[in-house]
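Enquirer: File coords-v5.cif follows (mmCIF, C-alpha atoms):
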data_start
loop_
_atom_site.label_atom_id
_atom_site.label_comp_id
_atom_site.auth_asym_id
_atom_site.auth_seq_id
_atom_site.Cartn_x
_atom_site.Cartn_y
_atom_site.Cartn_z
CA MET A 36 -109.53 -10.56 -207.28
CA ILE A 37 -110.54 -10.82 -203.59
CA ARG A 38 -108.50 -14.01 -203.21
CA GLU A 39 -105.45 -12.26 -204.68
CA SER A 40 -105.93 -9.34 -202.28
CA TYR A 41 -105.89 -11.76 -199.36
CA LEU A 42 -102.70 -13.32 -200.71
CA ASN A 43 -101.10 -9.88 -201.04
CA ALA A 44 -102.04 -9.08 -197.44
CA LEU A 45 -100.58 -12.41 -196.34
CA THR A 46 -97.33 -11.56 -198.14
CA VAL A 47 -97.08 -8.25 -196.27
CA LEU A 48 -97.77 -10.12 -193.02
CA VAL A 49 -94.88 -12.50 -193.78
CA LEU A 50 -92.60 -9.54 -194.48
CA LEU A 51 -93.48 -8.11 -191.06
CA ALA A 52 -93.83 -11.23 -188.92
CA VAL A 53 -90.79 -13.29 -189.93
CA PRO A 54 -88.18 -10.60 -189.08
CA LEU A 55 -89.95 -9.82 -185.78
CA TRP A 56 -89.86 -13.52 -184.91
CA ALA A 57 -86.17 -13.58 -185.84
CA VAL A 58 -85.48 -10.72 -183.43
CA VAL A 59 -87.23 -12.52 -180.58
CA ALA A 60 -85.53 -15.83 -181.43
CA ASP A 61 -82.14 -14.09 -181.87
CA GLU A 62 -81.77 -15.29 -185.48
CA PRO A 63 -80.00 -12.40 -187.26
CA PHE A 64 -79.27 -14.53 -190.31
CA THR A 65 -83.00 -14.91 -190.96
CA ILE A 66 -83.29 -11.12 -190.96
CA THR A 67 -80.45 -10.97 -193.50
CA LEU A 68 -82.29 -13.46 -195.71
CA MET A 69 -85.46 -11.38 -195.52
CA THR A 70 -83.47 -8.25 -196.35
CA ARG A 71 -82.01 -10.03 -199.38
CA ALA A 72 -85.52 -11.04 -200.50
CA ALA A 73 -86.85 -7.48 -200.05
CA ILE A 74 -84.05 -6.02 -202.18
CA PHE A 75 -84.49 -8.68 -204.86
CA ALA A 76 -88.21 -7.87 -204.87
CA ILE A 77 -87.48 -4.18 -205.52
CA ALA A 78 -85.27 -5.10 -208.49
CA ALA A 79 -87.97 -7.41 -209.85
CA ILE A 80 -90.70 -4.78 -209.44
CA GLY A 81 -88.55 -2.55 -211.64
CA LEU A 82 -88.36 -5.20 -214.36
CA ASN A 83 -92.05 -6.02 -213.93
CA ILE A 84 -92.97 -2.47 -214.98
CA ALA A 85 -91.21 -3.02 -218.30
CA LEU A 86 -92.19 -6.69 -218.68
CA GLY A 87 -95.60 -6.98 -217.03
CA ILE A 88 -97.10 -3.73 -218.30
CA GLY A 89 -94.95 -2.87 -221.31
CA GLY A 90 -94.27 -6.39 -222.59
CA LEU A 91 -90.51 -5.74 -222.81
CA VAL A 92 -88.59 -8.97 -222.21
CA SER A 93 -85.21 -7.66 -221.09
CA LEU A 94 -82.22 -9.85 -220.34
CA GLY A 95 -80.07 -6.82 -219.61
CA HIS A 96 -81.50 -5.46 -216.38
CA ALA A 97 -78.36 -6.58 -214.61
CA VAL A 98 -76.80 -3.48 -216.22
CA PHE A 99 -78.90 -1.22 -214.00
CA PHE A 100 -78.51 -3.50 -210.98
CA GLY A 101 -74.73 -3.39 -211.44
CA ILE A 102 -74.63 0.37 -212.05
CA GLY A 103 -76.46 0.91 -208.77
CA GLY A 104 -74.07 -1.44 -207.02
CA TYR A 105 -70.95 0.20 -208.42
CA ALA A 106 -72.34 3.68 -207.68
CA MET A 107 -72.47 2.65 -204.04
CA GLY A 108 -69.11 0.87 -204.16
CA ILE A 109 -67.19 3.69 -205.81
CA LEU A 110 -68.64 6.48 -203.66
CA ALA A 111 -68.14 4.50 -200.44
CA HIS A 112 -64.64 3.39 -201.49
CA HIS A 113 -63.49 6.97 -202.02
CA ALA A 114 -65.11 8.00 -198.74
CA GLN A 115 -63.25 5.32 -196.78
CA THR A 116 -59.93 6.05 -198.53
CA TYR A 117 -60.38 9.85 -198.25
CA THR A 118 -59.81 10.39 -201.96
CA ALA A 119 -61.87 12.26 -204.54
CA VAL A 120 -63.81 10.48 -207.26
CA PHE A 121 -63.01 13.35 -209.64
CA GLU A 122 -60.91 16.47 -209.19
CA TRP A 123 -61.50 18.00 -212.62
CA PRO A 124 -63.56 19.64 -214.01
CA LEU A 125 -65.50 19.43 -210.73
CA LEU A 126 -64.43 18.13 -207.35
CA ILE A 127 -66.58 15.11 -206.57
CA GLU A 128 -65.86 13.35 -203.30
CA GLY A 129 -67.00 10.04 -201.93
CA THR A 130 -69.83 9.71 -199.44
CA LYS A 131 -71.19 7.27 -196.88
CA SER A 132 -74.72 8.68 -196.99
CA MET A 133 -77.29 6.21 -198.33
CA PRO A 134 -79.75 8.88 -199.58
CA VAL A 135 -77.01 10.51 -201.66
CA ILE A 136 -75.78 7.16 -202.97
CA TRP A 137 -79.33 6.11 -203.86
CA LEU A 138 -79.88 9.35 -205.75
CA VAL A 139 -76.67 8.86 -207.74
CA ALA A 140 -77.59 5.22 -208.44
CA VAL A 141 -81.07 6.19 -209.68
CA VAL A 142 -79.76 9.00 -211.90
CA LEU A 143 -76.99 6.91 -213.47
CA SER A 144 -79.28 3.91 -213.98
CA SER A 145 -81.92 6.14 -215.58
CA LEU A 146 -79.38 7.63 -218.00
CA ALA A 147 -78.09 4.17 -218.91
CA ALA A 148 -81.66 2.93 -219.42
CA LEU A 149 -82.41 5.92 -221.62
CA VAL A 150 -79.44 5.24 -223.91
CA ILE A 151 -79.97 1.48 -223.99
CA GLY A 152 -83.70 1.91 -224.50
CA ILE A 153 -83.29 4.31 -227.42
CA LEU A 154 -81.03 1.80 -229.16
CA SER A 155 -82.84 -1.40 -228.17
CA LEU A 156 -86.40 -0.27 -228.88
CA ARG A 157 -85.54 0.05 -232.55
CA THR A 158 -86.11 -3.71 -232.54
CA THR A 159 -88.74 -6.06 -231.14
CA GLY A 160 -89.06 -9.65 -230.02
CA VAL A 161 -85.98 -11.82 -229.85
CA TYR A 162 -83.81 -9.04 -231.29
CA PHE A 163 -84.72 -6.79 -228.36
CA ILE A 164 -83.85 -9.60 -225.95
CA MET A 165 -80.46 -10.18 -227.58
CA ILE A 166 -79.55 -6.47 -227.67
CA THR A 167 -80.29 -6.02 -223.96
CA LEU A 168 -78.30 -9.18 -223.25
CA ALA A 169 -75.40 -7.81 -225.31
CA PHE A 170 -75.38 -4.57 -223.28
CA GLY A 171 -75.27 -6.61 -220.10
CA GLN A 172 -72.25 -8.57 -221.29
CA MET A 173 -70.52 -5.35 -222.38
CA PHE A 174 -70.83 -3.90 -218.89
CA PHE A 175 -69.82 -7.23 -217.34
CA PHE A 176 -66.52 -7.40 -219.23
CA PHE A 177 -65.88 -3.71 -218.67
CA ALA A 178 -66.23 -4.23 -214.90
CA ILE A 179 -63.83 -7.19 -215.06
CA SER A 180 -61.21 -5.00 -216.73
CA TRP A 181 -61.75 -2.04 -214.36
CA ALA A 182 -58.67 -2.70 -212.22
CA GLU A 183 -59.00 0.57 -210.30
CA TYR A 184 -62.08 -0.81 -208.57
CA GLY A 185 -61.04 -4.39 -208.05
CA GLY A 186 -61.55 -5.80 -211.53
CA GLU A 187 -62.58 -9.43 -211.40
CA ASP A 188 -62.06 -9.58 -207.62
CA GLY A 189 -64.60 -6.89 -206.88
CA LEU A 190 -64.52 -4.12 -204.31
CA PHE A 191 -64.97 -4.45 -200.55
CA ILE A 192 -66.59 -1.79 -198.37
CA TYR A 193 -65.58 -2.06 -194.73
CA VAL A 194 -68.53 -0.34 -193.03
CA ARG A 195 -72.14 -0.17 -194.20
CA ASN A 196 -73.25 3.28 -195.27
CA GLY A 197 -75.41 5.38 -193.00
CA PHE A 198 -79.01 6.57 -193.07
CA PRO A 199 -80.24 9.48 -190.89
CA GLY A 200 -81.78 8.28 -187.64
CA LEU A 201 -80.85 4.60 -188.11
CA ASN A 202 -78.00 2.30 -187.18
CA THR A 203 -77.75 0.36 -190.44
CA LEU A 204 -75.33 -2.12 -188.88
CA VAL A 205 -78.22 -3.47 -186.79
CA PRO A 206 -79.88 -6.10 -189.04
CA ILE A 207 -83.48 -5.33 -188.08
CA GLU A 208 -83.02 -1.57 -188.60
CA PHE A 209 -81.49 -2.07 -192.03
CA TYR A 210 -84.28 -4.50 -192.89
CA GLY A 211 -86.87 -1.96 -191.77
CA LEU A 212 -85.31 0.57 -194.12
CA CYS A 213 -85.35 -1.88 -197.04
CA LEU A 214 -88.94 -2.89 -196.26
CA GLY A 215 -89.99 0.74 -196.22
CA VAL A 216 -88.44 1.29 -199.65
CA LEU A 217 -90.10 -1.89 -200.93
CA LEU A 218 -93.54 -0.74 -199.78
CA LEU A 219 -93.01 2.69 -201.36
CA VAL A 220 -91.98 1.07 -204.64
CA LEU A 221 -95.05 -1.18 -204.52
CA VAL A 222 -97.33 1.83 -204.04
CA PHE A 223 -95.57 3.61 -206.90
CA ALA A 224 -95.95 0.59 -209.21
CA TRP A 225 -99.64 0.28 -208.30
CA ARG A 226 -100.32 3.98 -208.93
CA LEU A 227 -98.35 3.82 -212.17
CA SER A 228 -100.39 0.88 -213.47
CA LYS A 229 -103.64 2.72 -212.74
CA SER A 230 -102.48 6.07 -214.15
CA PRO A 231 -103.27 7.26 -217.70
CA PHE A 232 -99.64 6.50 -218.60
CA GLY A 233 -99.92 2.95 -217.27
CA LEU A 234 -103.15 2.33 -219.13
CA ALA A 235 -101.65 3.71 -222.35
CA LEU A 236 -98.55 1.55 -221.87
CA ASN A 237 -100.69 -1.53 -221.35
CA ALA A 238 -102.62 -0.68 -224.52
CA ALA A 239 -99.34 -0.19 -226.41
CA ARG A 240 -98.34 -3.71 -225.39
CA GLN A 241 -101.59 -5.25 -226.60
CA ALA A 242 -102.50 -3.12 -229.63
CA PRO A 243 -99.74 -0.68 -230.67
CA VAL A 244 -101.46 0.21 -233.97
CA ARG A 245 -104.62 1.33 -232.18
CA VAL A 246 -102.53 3.40 -229.77
CA GLU A 247 -100.91 5.15 -232.72
CA THR A 248 -104.30 5.98 -234.20
CA VAL A 249 -105.20 8.04 -231.12
CA GLY A 250 -101.98 10.07 -231.40
CA LEU A 251 -99.74 8.27 -228.93
CA ASP A 252 -96.28 6.90 -229.70
CA PRO A 253 -95.96 3.28 -228.44
CA VAL A 254 -92.15 3.38 -228.64
CA ARG A 255 -91.98 6.52 -226.54
CA LEU A 256 -94.31 5.00 -223.95
CA LYS A 257 -92.14 1.90 -223.74
CA LEU A 258 -88.98 4.02 -223.51
CA VAL A 259 -90.34 5.92 -220.50
CA ALA A 260 -91.33 2.62 -218.87
CA PHE A 261 -87.85 1.21 -219.58
CA VAL A 262 -86.20 4.23 -217.93
CA ILE A 263 -88.44 3.99 -214.85
CA SER A 264 -87.76 0.27 -214.71
CA GLY A 265 -83.99 0.80 -214.90
CA ALA A 266 -84.09 3.47 -212.18
CA ILE A 267 -85.87 1.17 -209.70
CA THR A 268 -83.56 -1.75 -210.48
CA GLY A 269 -80.54 0.54 -210.04
CA LEU A 270 -81.83 1.56 -206.61
CA ALA A 271 -82.07 -2.12 -205.68
CA GLY A 272 -78.49 -2.65 -206.86
CA ALA A 273 -77.19 0.06 -204.52
CA MET A 274 -79.11 -1.47 -201.60
CA PHE A 275 -77.86 -4.97 -202.44
CA ALA A 276 -74.26 -3.75 -202.49
CA ASP A 277 -74.79 -2.15 -199.08
CA LEU A 278 -76.24 -5.38 -197.73
CA ASN A 279 -73.16 -7.34 -198.75
CA ARG A 280 -70.70 -4.45 -198.40
CA PHE A 281 -69.21 -5.77 -201.61
CA VAL A 282 -69.61 -5.21 -205.35
CA SER A 283 -68.30 -7.36 -208.19
CA PRO A 284 -68.75 -7.83 -211.95
CA THR A 285 -71.24 -10.66 -211.28
CA MET A 286 -73.84 -7.97 -210.62
CA PHE A 287 -73.69 -7.29 -214.39
CA SER A 288 -73.84 -10.94 -215.45
CA TRP A 289 -76.64 -12.46 -217.54
CA GLN A 290 -77.31 -14.85 -214.65
CA THR A 291 -78.32 -11.86 -212.53
CA SER A 292 -80.70 -10.68 -215.26
CA GLY A 293 -82.11 -14.20 -215.44
CA GLU A 294 -82.64 -14.39 -211.68
CA ILE A 295 -84.53 -11.09 -211.64
CA MET A 296 -86.80 -12.45 -214.36
CA ILE A 297 -87.23 -15.72 -212.46
CA PHE A 298 -88.61 -13.80 -209.47
CA ILE A 299 -91.34 -12.38 -211.70
CA ILE A 300 -92.15 -15.69 -213.39
CA LEU A 301 -92.37 -17.47 -210.04
CA GLY A 302 -94.73 -14.94 -208.51
CA GLY A 303 -96.64 -13.96 -211.63
CA VAL A 304 -95.90 -11.63 -214.55
CA GLY A 305 -97.94 -8.43 -214.33
CA ARG A 306 -99.03 -9.13 -210.75
CA LEU A 307 -98.34 -6.34 -208.28
CA PHE A 308 -97.00 -8.69 -205.60
CA GLY A 309 -95.65 -11.23 -208.09
CA PRO A 310 -92.03 -10.04 -207.75
CA VAL A 311 -92.30 -10.05 -203.95
CA VAL A 312 -93.68 -13.60 -203.75
CA GLY A 313 -91.14 -14.79 -206.33
CA ALA A 314 -88.22 -13.25 -204.44
CA LEU A 315 -89.36 -14.75 -201.13
CA VAL A 316 -89.75 -18.21 -202.67
CA PHE A 317 -86.41 -17.99 -204.47
CA VAL A 318 -84.48 -16.97 -201.34
CA ALA A 319 -86.23 -19.67 -199.30
CA LEU A 320 -85.36 -22.35 -201.87
CA GLU A 321 -81.79 -21.06 -202.12
CA HIS A 322 -81.40 -21.31 -198.34
CA TRP A 323 -83.18 -24.60 -197.63
CA LEU A 324 -82.35 -26.60 -200.75
CA GLY A 325 -78.86 -25.09 -201.01
CA GLY A 326 -78.08 -26.65 -197.65
CA LEU A 327 -79.10 -30.06 -198.96
CA SER A 328 -77.41 -30.05 -202.35
CA ASP A 329 -75.10 -27.94 -204.47
CA TYR A 330 -77.42 -28.70 -207.38
CA TRP A 331 -80.53 -27.11 -205.88
CA HIS A 332 -81.14 -25.23 -209.14
CA ILE A 333 -82.48 -28.52 -210.54
CA TYR A 334 -85.46 -28.28 -208.17
CA LEU A 335 -85.89 -24.62 -209.02
CA GLY A 336 -85.94 -25.56 -212.71
CA LEU A 337 -88.62 -28.18 -212.08
CA LEU A 338 -90.74 -25.64 -210.21
CA LEU A 339 -90.36 -23.13 -213.05
CA LEU A 340 -91.31 -25.81 -215.56
CA LEU A 341 -94.49 -26.65 -213.65
CA ILE A 342 -95.42 -22.97 -213.36
CA VAL A 343 -94.84 -22.27 -217.05
CA LEU A 344 -96.82 -25.36 -218.11
CA PHE A 345 -99.69 -25.26 -215.63
CA GLY A 346 -99.70 -21.85 -213.94
CA ARG A 347 -99.42 -19.03 -216.45
CA GLY A 348 -100.12 -16.47 -213.74
CA GLY A 349 -97.31 -17.72 -211.50
CA LEU A 350 -97.83 -18.82 -207.92
CA ILE A 351 -100.26 -15.97 -207.31
CA GLY A 352 -102.28 -16.94 -210.38
CA MET A 353 -102.37 -20.58 -209.30
CA VAL A 354 -103.76 -19.60 -205.90
CA SER A 355 -106.10 -16.80 -206.93
CA GLY A 356 -107.33 -18.46 -210.12
CA ARG A 357 -107.66 -15.10 -211.84
CA ARG A 358 -105.68 -13.43 -214.57
CA ALA A 359 -103.44 -10.46 -213.80
CA VAL A 360 -104.84 -6.98 -214.19
CA HIS A 361 -102.35 -6.33 -216.97
CA ASP A 362 -102.96 -9.59 -218.86
#
The structure in this file should be written as structure tokens.
Expert:
Amino acid sequence: MIRESYLNALTVLVLLAVPLWAVVADEPFTITLMTRAAIFAIAAIGLNIALGIGGLVSLGHAVFFGIGGYAMGILAHHAQTYTAVFEWPLLIEGTKSMPVIWLVAVVLSSLAALVIGILSLRTTGVYFIMITLAFGQMFFFFAISWAEYGGEDGLFIYVRNGFPGLNTLVPIEFYGLCLGVLLLVLVFAWRLSKSPFGLALNAARQAPVRVETVGLDPVRLKLVAFVISGAITGLAGAMFADLNRFVSPTMFSWQTSGEIMIFIILGGVGRLFGPVVGALVFVALEHWLGGLSDYWHIYLGLLLLLIVLFGRGGLIGMVSGRRAVHD
């Protein structure tokens, strides 16, 4: 446990030191890569709540990632074109305010997770995986056919949205904002795992019958976890869209769901910093190996194979030599 704590502290140090070095060395692209990794980590922390604590293997979390992205894209698009999102029954206008956009993204993602969770949690195992995957594909094809917001070509946003007191167009300031959100989400996930709800959810994953005998509903516990998970992933989707100033149907694709799960597997399922380490490693491999070959995913696949075969706890488990708290 002590070794894992040191590794977690080292991860935070990397998140702080690399961008500061990039500022001194005048390497803004490195800051952008770190921002990308921080946002991916937030999305993976969301999934890790459902997967690592609740045991819910979801291949549909791209739904919430995409909803967050399109919430940002639609609101910002109407703000830059000076048109209303809705005029009836209520007048809803666009906005360029990140806090407002994040709130909308979280609310919409939570509602979607609630509906999808109610339907999907009627099943278990591979059936649950396939239903969440099916929802992801439904949203993907809907976004492709949504011509009003770019359809298959996506939607461009000309200027990054604003946050009070910050110039979000400055890479290091936007990264600082994303890092702050990441740290808050990490604290939330840690407190959640230690709370009575988190302990009950972990018990529902391991022994649902025993949980029922003490008067708790395992399905309801998992539904709440699924909604919280979707809300956090939706927040990450809105931030990712702001980073790129672009949204497209690919945010809903099954590949996006798979990548979010890969972050967790790389770092360690159920580990607090597993999603963070996995996102950092993934972005690093994408950058370095992607410059060497268009087929860099082969090396990523080999790494995943080694981790699955020899490192059940992910990279953190391989280094710390201890099982995750939620295992």
Enquirer: Apply the PyMOL selection byres ((chain A and resi 192) around 9) to the displayed file and report the matching residues as a list in words.
Expert: Gly108, Ala111, His112, Gln115, Leu190, Phe191, Tyr193, Val194, Arg195, Asn196, Ala276, Asp277, Asn279, Arg280, Phe281 and Val282 of chain A
Enquirer: List as a list in words the protein and nucleic acid residues near Leu212 of chain A, meaning an atom at most 12 Å away when only C-alpha atoms are counted, but skip any in the same chain fewer than 2 places from it.
Expert: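 Neighbouring residues, sequence-local ones excluded: Thr70, Ala73, Ile74, Met133, Pro134, Gly197, Phe198, Pro199, Gly200, Leu201, Asn202, Thr203, Leu204, Val205, Pro206, Ile207, Glu208, Phe209, Tyr210, Leu214, Gly215, Val216, Leu217, Leu218, Leu219, Met274, Asp277 and Leu278 of chain A.
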Enquirer: Between A:Ser328, A:Thr159, A:Thr291, A:Ser230, which is the closest to Lys257 of chain A once you count only C-alpha atoms?
Expert: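 Checking each candidate against Lys257 of chain A, we get A:Thr159 as the closest.
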Enquirer: Can you spell out as a short mmCIF file (atom, residue, chain, number, x, y, z; two decimals) with C-alpha atoms, keeping the file's coordinate frame the set of residues that the PyMOL selection byres ((chain A and resi 42) around 12) selects in the structure I just provided?
Expert:
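Saved as out_14.cif:
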data_model
loop_
_atom_site.label_atom_id
_atom_site.label_comp_id
_atom_site.auth_asym_id
_atom_site.auth_seq_id
_atom_site.Cartn_x
_atom_site.Cartn_y
_atom_site.Cartn_z
CA MET A 36 -109.53 -10.56 -207.28
CA ILE A 37 -110.54 -10.82 -203.59
CA ARG A 38 -108.50 -14.01 -203.21
CA GLU A 39 -105.45 -12.26 -204.68
CA SER A 40 -105.93 -9.34 -202.28
CA TYR A 41 -105.89 -11.76 -199.36
CA ASN A 43 -101.10 -9.88 -201.04
CA ALA A 44 -102.04 -9.08 -197.44
CA LEU A 45 -100.58 -12.41 -196.34
CA THR A 46 -97.33 -11.56 -198.14
CA VAL A 47 -97.08 -8.25 -196.27
CA LEU A 48 -97.77 -10.12 -193.02
CA VAL A 49 -94.88 -12.50 -193.78
CA GLY A 302 -94.73 -14.94 -208.51
CA ARG A 306 -99.03 -9.13 -210.75
CA LEU A 307 -98.34 -6.34 -208.28
CA PHE A 308 -97.00 -8.69 -205.60
CA GLY A 309 -95.65 -11.23 -208.09
CA VAL A 311 -92.30 -10.05 -203.95
CA VAL A 312 -93.68 -13.60 -203.75
CA LEU A 350 -97.83 -18.82 -207.92
CA ILE A 351 -100.26 -15.97 -207.31
CA GLY A 352 -102.28 -16.94 -210.38
CA MET A 353 -102.37 -20.58 -209.30
CA VAL A 354 -103.76 -19.60 -205.90
CA SER A 355 -106.10 -16.80 -206.93
CA GLY A 356 -107.33 -18.46 -210.12
#
Enquirer: Mind checking which residues fall within 8 Å of Ala178 of chain A, counting all atoms listed in the file, ignoring those fewer than 4 positions away in the same chain, and posting them as an mmCIF file with C-alpha atoms, keeping the file's coordinate frame?
Expert:
data_model
loop_
_atom_site.group_PDB
_atom_site.id
_atom_site.type_symbol
_atom_site.label_atom_id
_atom_site.label_comp_id
_atom_site.auth_asym_id
_atom_site.auth_seq_id
_atom_site.Cartn_x
_atom_site.Cartn_y
_atom_site.Cartn_z
ATOM 1 C CA PHE A 174 -70.830 -3.900 -218.890
ATOM 2 C CA GLY A 186 -61.550 -5.800 -211.530
ATOM 3 C CA GLU A 187 -62.580 -9.430 -211.400
ATOM 4 C CA SER A 283 -68.300 -7.360 -208.190
ATOM 5 C CA PRO A 284 -68.750 -7.830 -211.950
#
Enquirer: Any idea what's packed within 12 Å of segment 116-121 of chain A, counting all atoms listed in the file, ignoring anything in its chain fewer than 3 positions away? Could you give it as a PDB file with C-alpha atoms, keeping the file's coordinate frame?
Expert:
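Output below, filename result_15.pdb:
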ATOM      1  CA  ALA A 106     -72.340   3.680-207.680  1.00  0.00           C
ATOM      2  CA  GLY A 108     -69.110   0.870-204.160  1.00  0.00           C
ATOM      3  CA  ILE A 109     -67.190   3.690-205.810  1.00  0.00           C
ATOM      4  CA  LEU A 110     -68.640   6.480-203.660  1.00  0.00           C
ATOM      5  CA  ALA A 111     -68.140   4.500-200.440  1.00  0.00           C
ATOM      6  CA  HIS A 112     -64.640   3.390-201.490  1.00  0.00           C
ATOM      7  CA  HIS A 113     -63.490   6.970-202.020  1.00  0.00           C
ATOM      8  CA  PRO A 124     -63.560  19.640-214.010  1.00  0.00           C
ATOM      9  CA  LEU A 125     -65.500  19.430-210.730  1.00  0.00           C
ATOM     10  CA  LEU A 126     -64.430  18.130-207.350  1.00  0.00           C
ATOM     11  CA  ILE A 127     -66.580  15.110-206.570  1.00  0.00           C
ATOM     12  CA  GLU A 128     -65.860  13.350-203.300  1.00  0.00           C
ATOM     13  CA  GLY A 129     -67.000  10.040-201.930  1.00  0.00           C
ATOM     14  CA  THR A 130     -69.830   9.710-199.440  1.00  0.00           C
ATOM     15  CA  LYS A 131     -71.190   7.270-196.880  1.00  0.00           C
ATOM     16  CA  GLU A 183     -59.000   0.570-210.300  1.00  0.00           C
ATOM     17  CA  TYR A 184     -62.080  -0.810-208.570  1.00  0.00           C
ATOM     18  CA  PHE A 191     -64.970  -4.450-200.550  1.00  0.00           C
ATOM     19  CA  ILE A 192     -66.590  -1.790-198.370  1.00  0.00           C
ATOM     20  CA  TYR A 193     -65.580  -2.060-194.730  1.00  0.00           C
TER      21      TYR A 193
END
Enquirer: From (-86.2, 2.6, -219.4), in the file's coordinates, out to 8 Å: which residues are reached, counting only C-alpha atoms? Answer as a PyMOL selection string.
Expert: chain A and resi 85+145+148-149+151-152+257-266
Enquirer: Give me, please, the distance in Å between atom CA of Thr167 of chain A and atom CA of Leu94 of chain A, quoted to one decimal.
Expert: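 According to the coordinates, atom CA of Thr167 of chain A and atom CA of Leu94 of chain A are separated by 5.6 Å.
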Enquirer: Using all atoms listed in the file, determine which residues lie at most 6 Å from segment 232-242 of chain A, disregarding the query and same-chain residues fewer than 3 positions distant; provide the list as a compact mmCIF listing (two decimals) with C-alpha atoms, in the frame of the given file.
Expert:
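And here's out-v6.txt as it stands now:
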# COMPACT_ATOMS: atom_id res chain seq x y z
CA ILE A 88 -97.10 -3.73 -218.30
CA GLY A 89 -94.95 -2.87 -221.31
CA GLY A 90 -94.27 -6.39 -222.59
CA LEU A 227 -98.35 3.82 -212.17
CA SER A 228 -100.39 0.88 -213.47
CA LYS A 229 -103.64 2.72 -212.74
CA ARG A 245 -104.62 1.33 -232.18
CA VAL A 246 -102.53 3.40 -229.77
CA PRO A 253 -95.96 3.28 -228.44
CA LEU A 256 -94.31 5.00 -223.95
Enquirer: Just the number, please: distance in Å from atom CA of Val59 of chain A to atom CA of Ser132 of chain A, one decimal.
Expert: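 Straight-line distance from atom CA of Val59 of chain A to atom CA of Ser132 of chain A works out to 29.6 Å.
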Enquirer: Please enumerate the residues selected by the PyMOL selection byres ((chain A and resi 99-105) around 6) when evaluated against the supplied file, formatted as a list in words.
Expert: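 Selected by the PyMOL selection byres ((chain A and resi 99-105) around 6) here: His96, Ala97, Val98, Ala106, Met107, Gly108, Ile109, Ala140, Ser144, Gly265, Thr268, Gly269, Leu270, Gly272, Ala273, Ala276, Met286 and Phe287 of chain A.
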Enquirer: Contacts of Ala57 of chain A at 10 Å or less, counting only C-alpha atoms, minus same-chain residues fewer than 5 places along, as a VMD selection string?
Expert: chain A and resid 52 62 to 67 69 207
Enquirer: Report the distance between atom CA of Ala79 of chain A and atom CA of Leu335 of chain A in Å, rounded to one decimal place.
Expert: 17.4 Å
Enquirer: Given the choices A:Gly325, A:Thr248, A:Gly87, A:Arg71, which gets closest to Gly303 of chain A if the distance is worked out from all atoms listed in the file?
Expert: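 Smallest distance to Gly303 of chain A is found for A:Gly87.
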Enquirer: Around all of segment 169-185 of chain A's listed atoms, make the axis-aligned box with 4 Å on each side and tell me centre and edge lengths in Å to one decimal, as lines of an AutoDock Vina configuration file.
Expert:
center_x = -67.0
center_y = -4.0
center_z = -216.7
size_x = 24.7
size_y = 17.1
size_z = 25.3
Enquirer: Could you check the closest approach to Val142 of chain A for each of A:Val58, A:Ile267, A:Ala182, A:Glu247 and tell me which residue wins, using all atoms listed in the file?
Expert: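 Smallest separation from Val142 of chain A among the options: A:Ile267.
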